[in-house]
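Source file input_13.cif; content: mmCIF, C-alpha atoms.
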```cif
data_data
loop_
_atom_site.label_atom_id
_atom_site.label_comp_id
_atom_site.auth_asym_id
_atom_site.auth_seq_id
_atom_site.Cartn_x
_atom_site.Cartn_y
_atom_site.Cartn_z
CA MET A 10 0.00 0.00 0.00
CA ASN A 11 1.38 3.44 -0.85
CA LEU A 12 0.78 6.67 1.05
CA ASN A 13 -2.15 7.88 -1.06
CA GLN A 14 -3.87 4.50 -0.74
CA ALA A 15 -3.37 4.54 3.04
CA ILE A 16 -4.81 8.05 3.32
CA THR A 17 -7.79 7.11 1.12
CA ALA A 18 -8.46 3.99 3.23
CA VAL A 19 -8.52 6.06 6.42
CA ASN A 20 -10.52 8.93 4.88
CA GLN A 21 -13.30 6.59 3.77
CA LYS A 22 -14.18 5.75 7.38
CA PHE A 23 -12.68 8.56 9.49
CA HIS A 24 -14.88 10.58 11.84
CA TYR A 25 -13.21 13.09 14.14
CA GLN A 26 -13.66 12.45 17.85
CA SER A 27 -11.52 14.31 20.36
CA ASP A 28 -9.95 12.71 23.40
CA PRO A 29 -11.12 13.89 26.84
CA ARG A 30 -9.39 17.16 27.78
CA SER A 31 -6.64 16.24 30.18
CA PHE A 32 -2.89 15.79 29.79
CA PHE A 33 -3.07 12.25 31.15
CA THR A 34 -5.99 11.08 29.01
CA ASP A 35 -4.61 11.99 25.58
CA TYR A 36 -3.56 8.73 24.07
CA TRP A 37 -2.60 7.68 20.57
CA PHE A 38 -3.81 4.52 18.95
CA VAL A 39 -4.41 2.82 15.66
CA MET A 40 -8.10 3.35 15.11
CA GLN A 41 -10.15 0.15 14.91
CA ASP A 42 -13.08 -0.21 12.52
CA LYS A 43 -16.23 -0.08 14.63
CA ASP A 44 -19.50 -0.19 12.73
CA GLY A 45 -17.72 0.84 9.54
CA GLN A 46 -16.18 3.92 11.15
CA LEU A 47 -12.78 4.96 12.44
CA ARG A 48 -13.12 7.41 15.33
CA GLY A 49 -10.22 9.44 16.67
CA ASP A 50 -8.38 12.74 16.64
CA CYS A 51 -5.36 14.14 14.78
CA ASP A 52 -2.75 11.85 16.32
CA ASP A 53 -4.93 8.77 15.82
CA TYR A 54 -5.48 9.76 12.17
CA SER A 55 -1.75 10.11 11.47
CA VAL A 56 -0.81 6.93 13.36
CA THR A 57 -3.49 4.94 11.52
CA VAL A 58 -2.34 6.20 8.11
CA LEU A 59 1.20 5.08 8.98
CA TRP A 60 -0.16 1.75 10.26
CA TYR A 61 -1.91 1.13 6.91
CA LEU A 62 1.22 2.27 5.07
CA CYS A 63 3.10 -0.44 7.00
CA ASN A 64 0.53 -3.02 5.81
CA GLU A 65 -0.88 -3.30 9.35
CA ASN A 66 2.24 -5.14 10.50
CA ILE A 67 3.64 -4.27 13.93
CA TRP A 68 7.25 -5.14 13.01
CA THR A 69 7.14 -3.07 9.82
CA PHE A 70 5.63 -0.21 11.83
CA ILE A 71 8.29 -0.40 14.55
CA TRP A 72 11.07 -0.63 11.95
CA ASN A 73 9.89 2.32 9.83
CA VAL A 74 8.56 4.64 12.55
CA LEU A 75 10.47 3.91 15.73
CA ILE A 76 13.85 2.73 14.43
CA LEU A 77 14.54 4.16 10.97
CA HIS A 78 12.35 7.28 11.31
CA ARG A 79 11.40 6.69 7.67
CA TYR A 80 7.86 7.68 8.62
CA ARG A 81 7.49 10.46 11.16
CA LEU A 82 5.02 12.24 13.39
CA HIS A 83 5.42 15.96 14.03
CA ARG A 84 3.93 18.35 16.52
CA VAL A 85 2.73 21.67 15.13
CA LYS A 86 0.97 24.70 16.54
CA SER A 87 -2.49 25.26 15.09
CA THR A 88 -5.37 27.61 15.71
CA GLY A 89 -6.82 25.14 18.23
CA GLY A 90 -3.59 24.46 20.15
CA TRP A 91 -1.18 21.68 19.33
CA HIS A 92 -1.75 19.28 16.47
CA VAL A 93 -0.06 16.11 15.17
CA ILE A 94 0.74 15.57 11.51
CA GLY A 95 2.42 12.71 9.67
CA GLU A 96 5.24 12.53 7.16
CA ALA A 97 6.06 9.69 4.78
CA GLU A 98 7.69 9.37 1.38
CA GLY A 99 8.58 13.08 1.44
CA GLN A 100 4.92 14.04 1.81
CA TRP A 101 3.06 15.52 4.78
CA PHE A 102 -0.56 14.83 5.80
CA ASP A 103 -3.08 15.43 8.56
CA ASN A 104 -6.78 15.13 9.25
CA TRP A 105 -7.35 18.75 8.17
CA THR A 106 -6.04 18.36 4.61
CA ARG A 107 -6.79 14.62 4.36
CA ARG A 108 -4.27 14.26 1.56
CA ALA A 109 -0.53 14.04 0.96
CA CYS A 110 1.23 17.25 -0.01
CA SER A 111 4.53 19.03 0.44
CA ARG A 112 5.41 20.51 3.81
CA ASP A 113 5.20 24.05 2.43
CA GLU A 114 1.80 23.38 0.85
CA LEU A 115 0.38 21.87 4.04
CA PHE A 116 1.62 24.77 6.18
CA ALA A 117 0.35 27.38 3.69
CA GLN A 118 -3.06 25.74 3.51
CA THR A 119 -3.54 25.16 7.24
CA GLY A 120 -1.56 27.95 8.90
CA HIS A 121 0.27 25.43 11.13
CA GLU A 122 3.55 26.48 12.72
CA TYR A 123 6.22 23.79 13.07
CA GLN A 124 7.17 22.79 16.62
CA MET A 125 9.11 19.49 16.63
CA MET A 126 9.43 15.90 15.46
CA TYR A 127 8.28 13.41 18.05
CA LEU A 128 11.07 11.16 19.23
CA SER A 129 10.71 7.38 19.26
CA PRO A 130 10.34 6.97 23.07
CA ILE A 131 7.54 9.54 23.10
CA ILE A 132 5.73 7.80 20.23
CA ALA A 133 6.20 4.42 21.90
CA TRP A 134 4.84 5.75 25.22
CA PHE A 135 1.69 7.19 23.63
CA LEU A 136 1.07 4.04 21.57
CA ILE A 137 1.54 1.75 24.56
CA TRP A 138 -0.67 4.01 26.70
CA GLY A 139 -3.32 3.95 23.96
CA TYR A 140 -3.12 0.17 23.65
CA PHE A 141 -3.92 -0.35 27.31
CA ARG A 142 -6.63 2.35 27.32
CA ARG A 143 -8.79 0.65 24.65
#
```

Can you present the structure in this file as structure tokens?
Amino acid sequence: MNLNQAITAVNQKFHYQSDPRSFFTDYWFVMQDKDGQLRGDCDDYSVTVLWYLCNENIWTFIWNVLILHRYRLHRVKSTGGWHVIGEAEGQWFDNWTRRACSRDELFAQTGHEYQMMYLSPIIAWFLIWGYFRR
């Protein structure tokens, strides 16, 4: 599966649903199909696109996201606070644009301001936290 196919697969079922508002309750997870819908927020959207891009294989995901940093998650500042976007194959994507585009195009279209790339331990913590919170 390539990036555009992964984004299309997520877009077909994605419905935005925010996490409860608390630092300790924000968790990231691969969204699971429930009644034909994928429910989650910006980080869940980006993680799920990367999961599909890795052919839904945990070892491929760990290798490409956590070890090689071939696929990345970034924190940006948006009008609503902080926001998570994904990067793969030289393209950037998020649940606002719902498509792959260049970094400059995404930032021009959304008004995001770059903050940082998430480091592997942080990603691992949020994914593990999300796994046990399901």

- Message: For a test of reading the model, state the distance in Å between CA of His24 (chain A) and CA of Val85 (chain A), rounded to one decimal.
- Response: 21.1 Å

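Of the listed residues A:Tyr36, A:Cys63, A:Val56, A:Thr17, the one whose atoms come nearest to Thr106 (chain A) is A:Thr17, with distances taken using only C-alpha atoms.
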
- Message: With 12 Å as the threshold, what does the neighbourhood of (6.8, 23.8, 4.5) contain in terms of residues, counting only C-alpha atoms? Coordinates are those of the file; answer as a VMD selection string.
- Response: chain A and resid 85 96 99 to 102 110 to 123

- Counting all atoms listed in the file, the residue of A:Glu98, A:His83, A:Tyr54, A:Ala133 that sits nearest Ile71 (chain A): A:Ala133

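Closest approach to Gly90 (chain A) among A:Cys51, A:Ile76, A:Leu62, A:Met126 is made by A:Cys51 (distances from all atoms listed in the file).
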
- Nearest to Asn11 (chain A) among A:Ile94, A:Leu77, A:Val58, A:Met125, with distances taken over all atoms listed in the file: which residue is it? A:Val58

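Distance check against Lys43 (chain A) using all atoms listed in the file: of A:Lys86, A:Pro29, A:Tyr61, A:Phe23, the minimum falls on A:Phe23.
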